[in-house]
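The next block holds one structure in the form of structure tokens; read it before the comments.
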Amino acid sequence: MRRGRLVVGWVRFASAATLCSALAAGAAEAGSDSTASGLPVPRFVSLKADRVNVHGGPDKDHDVVWIYTRVGLPVEITAEFENWRRIRDSEGSEGWVYHSLLSGKRTATVQLKAKSDVAPIYAKPDAKSGVTAQLQFGVLGTVKHCNGTWCEIVGDGFDGWIQQNALWGVYPNEKVD
């Protein structure tokens, strides 16, 4: 009986080792320089639907670990595997979503040091121009342009320029046309 347990234990260990090797190979492929889409990784995109299931791995057999319910939310693609994209949100949470649930439309959320702070929206990309709005932490806007320092964004009740470092959804010094 004892020998039977040892064999079962060894088979379980070998199966687990094979599974770990396969997952590691998939992760290495997902993080490689050549991407399934041919687009650069990492890159920012936005959620296309108002309900996006996030899976623990790159297929529907993996459990749904959470669900996004905010269309237009910016996320960062950190890896690709076939038609699946590993994404990261502004809080650092990561998971896998099917590519058709993502949009190339650029959006950003206001991210400030303190959640009680507000970010001014200016009429021009200049802090000396008039302030047209004040945005709270988490406000979502569509990115129209970024010049590397300032971004022109539009949203519900605002349209103007914000300092680029106050946004999550664009990279520092990134230019967006």
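Labels used: A, B, ... for chains in the order of the structure tokens, numbers from 1 for residues in each chain, and numbers from 1 for ligands as shown.
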Give the strand (DSSP E) residues of chain A, as DSSP finds them on the backbone, and put them as a PyMOL selection string. chain A and resi 43-47+52-55+64-68+74-81+84-88+94-98+102-103+107-110+118-122+131-136+140-147+150-155+158-163+167-168+175-176
Residues within 8 Å of range 44-52 of chain A, only C-alpha atoms, excluding chain neighbours under 5 positions, as a PyMOL selection string: chain A and resi 67-77+97+100-107+169-170
Distance of CA of Ala79 in chain A from CA of Val139 in chain A, expressed in Å to one decimal place: 26.5 Å
Need to verify the contact set: range 57-66 of chain A, 6 Å, only C-alpha atoms, exclusion of same-chain residues closer than 2 positions in sequence. Can you return it as a PDB file with all heavy atoms, in the first residue's frame?
```
ATOM      1  N   VAL A  54     -12.884  39.296 -16.665  1.00  0.00           N
ATOM      2  CA  VAL A  54     -11.433  39.170 -16.582  1.00  0.00           C
ATOM      3  C   VAL A  54     -11.129  37.768 -16.062  1.00  0.00           C
ATOM      4  O   VAL A  54     -11.607  37.374 -14.999  1.00  0.00           O
ATOM      5  CB  VAL A  54     -10.835  40.240 -15.647  1.00  0.00           C
ATOM      6  CG1 VAL A  54      -9.327  40.091 -15.572  1.00  0.00           C
ATOM      7  CG2 VAL A  54     -11.219  41.633 -16.117  1.00  0.00           C
ATOM      8  N   HIS A  55     -10.348  37.033 -16.847  1.00  0.00           N
ATOM      9  CA  HIS A  55     -10.029  35.641 -16.528  1.00  0.00           C
ATOM     10  C   HIS A  55      -8.640  35.539 -15.899  1.00  0.00           C
ATOM     11  O   HIS A  55      -7.777  36.389 -16.111  1.00  0.00           O
ATOM     12  CB  HIS A  55     -10.071  34.789 -17.798  1.00  0.00           C
ATOM     13  CG  HIS A  55     -11.438  34.682 -18.390  1.00  0.00           C
ATOM     14  ND1 HIS A  55     -12.264  33.616 -18.156  1.00  0.00           N
ATOM     15  CD2 HIS A  55     -12.130  35.522 -19.202  1.00  0.00           C
ATOM     16  CE1 HIS A  55     -13.408  33.791 -18.798  1.00  0.00           C
ATOM     17  NE2 HIS A  55     -13.351  34.949 -19.443  1.00  0.00           N
ATOM     18  N   TRP A  84      -6.082  36.649 -26.816  1.00  0.00           N
ATOM     19  CA  TRP A  84      -6.259  37.107 -25.434  1.00  0.00           C
ATOM     20  C   TRP A  84      -5.223  38.168 -25.104  1.00  0.00           C
ATOM     21  O   TRP A  84      -4.104  38.145 -25.607  1.00  0.00           O
ATOM     22  CB  TRP A  84      -6.135  35.921 -24.479  1.00  0.00           C
ATOM     23  CG  TRP A  84      -7.287  35.001 -24.609  1.00  0.00           C
ATOM     24  CD1 TRP A  84      -7.448  34.006 -25.537  1.00  0.00           C
ATOM     25  CD2 TRP A  84      -8.467  35.018 -23.820  1.00  0.00           C
ATOM     26  NE1 TRP A  84      -8.657  33.400 -25.360  1.00  0.00           N
ATOM     27  CE2 TRP A  84      -9.306  33.992 -24.311  1.00  0.00           C
ATOM     28  CE3 TRP A  84      -8.903  35.791 -22.745  1.00  0.00           C
ATOM     29  CZ2 TRP A  84     -10.551  33.728 -23.754  1.00  0.00           C
ATOM     30  CZ3 TRP A  84     -10.135  35.522 -22.185  1.00  0.00           C
ATOM     31  CH2 TRP A  84     -10.951  34.502 -22.702  1.00  0.00           C
ATOM     32  N   TRP A  96      -6.728  38.446 -17.762  1.00  0.00           N
ATOM     33  CA  TRP A  96      -6.805  38.220 -19.207  1.00  0.00           C
ATOM     34  C   TRP A  96      -8.208  38.492 -19.715  1.00  0.00           C
ATOM     35  O   TRP A  96      -9.190  38.067 -19.103  1.00  0.00           O
ATOM     36  CB  TRP A  96      -6.413  36.791 -19.525  1.00  0.00           C
ATOM     37  CG  TRP A  96      -4.964  36.507 -19.292  1.00  0.00           C
ATOM     38  CD1 TRP A  96      -4.381  36.128 -18.119  1.00  0.00           C
ATOM     39  CD2 TRP A  96      -3.913  36.589 -20.243  1.00  0.00           C
ATOM     40  NE1 TRP A  96      -3.027  35.970 -18.288  1.00  0.00           N
ATOM     41  CE2 TRP A  96      -2.716  36.241 -19.595  1.00  0.00           C
ATOM     42  CE3 TRP A  96      -3.871  36.913 -21.598  1.00  0.00           C
ATOM     43  CZ2 TRP A  96      -1.491  36.213 -20.232  1.00  0.00           C
ATOM     44  CZ3 TRP A  96      -2.648  36.880 -22.242  1.00  0.00           C
ATOM     45  CH2 TRP A  96      -1.467  36.534 -21.577  1.00  0.00           C
TER      46      TRP A  96
END
```
Out of A:Glu82, A:Asp177, A:Asp117, A:Glu94, which residue has the shortest atom-to-atom distance to Gly138 in chain A when counting only C-alpha atoms?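 Smallest distance to Gly138 in chain A is found for A:Asp117.
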Shell of 7 Å around Leu135 in chain A, only C-alpha atoms, local chain residues under 4 positions omitted, as a list in words: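 Final neighbour list, sorted by chain and number: Val118, Ala119, Pro120 and Val139 of chain A.
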Fewer than 4 positions away in the same chain doesn't count, so skip those; otherwise give me all residues within 12 Å of Phe137 in chain A, counting only C-alpha atoms, as a list of chain:residue names.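 Here the qualifying residues turn out to be A:Ser90, A:Ala108, A:Thr109, A:Val110, A:Gln111, A:Leu112, A:Lys113, A:Ala114, A:Lys115, A:Ser116, A:Asp117, A:Val118, A:Ala119, A:Pro120, A:Gly141, A:Ala166, A:Leu167, A:Trp168.
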Closest to Asp156 in chain A among A:Tyr122, A:Asn53, A:Leu140, A:Gly92, using only C-alpha atoms? A:Leu140
For CA of Ala127 in chain A and CA of Gly160 in chain A, the interatomic separation in Å (one decimal):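 Answer for the CA of Ala127 in chain A to CA of Gly160 in chain A separation: 11.7 Å.
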If you run DSSP over the backbone, which residues in chain A end up alpha helix (DSSP H)? Put them as a VMD selection string. chain A and resid 2 to 30
Emit the selected residues as a short mmCIF file (atom, residue, chain, number, x, y, z; two decimals), in the first residue's frame, including C-alpha atoms.
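Everything below was put into again.cif:
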```
data_model
loop_
_atom_site.label_atom_id
_atom_site.label_comp_id
_atom_site.auth_asym_id
_atom_site.auth_seq_id
_atom_site.Cartn_x
_atom_site.Cartn_y
_atom_site.Cartn_z
CA ARG A 2 2.77 2.39 0.86
CA ARG A 3 4.46 1.85 -2.51
CA GLY A 4 1.15 2.66 -4.26
CA ARG A 5 0.97 6.01 -2.46
CA LEU A 6 4.51 6.81 -3.51
CA VAL A 7 3.72 6.12 -7.17
CA VAL A 8 0.54 8.22 -7.00
CA GLY A 9 2.51 11.00 -5.33
CA TRP A 10 5.19 10.85 -8.04
CA VAL A 11 2.57 10.93 -10.82
CA ARG A 12 0.94 13.98 -9.22
CA PHE A 13 4.33 15.68 -8.91
CA ALA A 14 5.22 14.90 -12.55
CA SER A 15 1.82 16.15 -13.73
CA ALA A 16 2.19 19.35 -11.72
CA ALA A 17 5.71 19.88 -13.08
CA THR A 18 4.50 19.39 -16.67
CA LEU A 19 1.64 21.84 -16.10
CA CYS A 20 4.02 24.42 -14.58
CA SER A 21 6.39 24.04 -17.56
CA ALA A 22 3.53 24.52 -20.01
CA LEU A 23 2.27 27.59 -18.16
CA ALA A 24 5.77 29.05 -18.02
CA ALA A 25 6.19 28.49 -21.77
CA GLY A 26 2.85 30.19 -22.41
CA ALA A 27 3.81 33.11 -20.18
CA ALA A 28 7.15 33.44 -21.95
CA GLU A 29 5.39 33.41 -25.32
CA ALA A 30 2.84 35.96 -24.08
#
```
Nearest to Gly130 in chain A by atom-to-atom distance, counting only C-alpha atoms, from A:Gly157, A:Thr142, A:Gly38, A:Ile162: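 Among A:Gly157, A:Thr142, A:Gly38, A:Ile162, it is A:Ile162 that comes nearest to Gly130 in chain A.
Proximity to Cys146 in chain A was assessed for A:Asp159, A:Gln134, A:Pro125, A:Val176 counting only C-alpha atoms; the smallest distance is recorded for A:Val176.
Here CA of Asn173 in chain A and CA of Cys151 in chain A stand 10.3 Å from one another.
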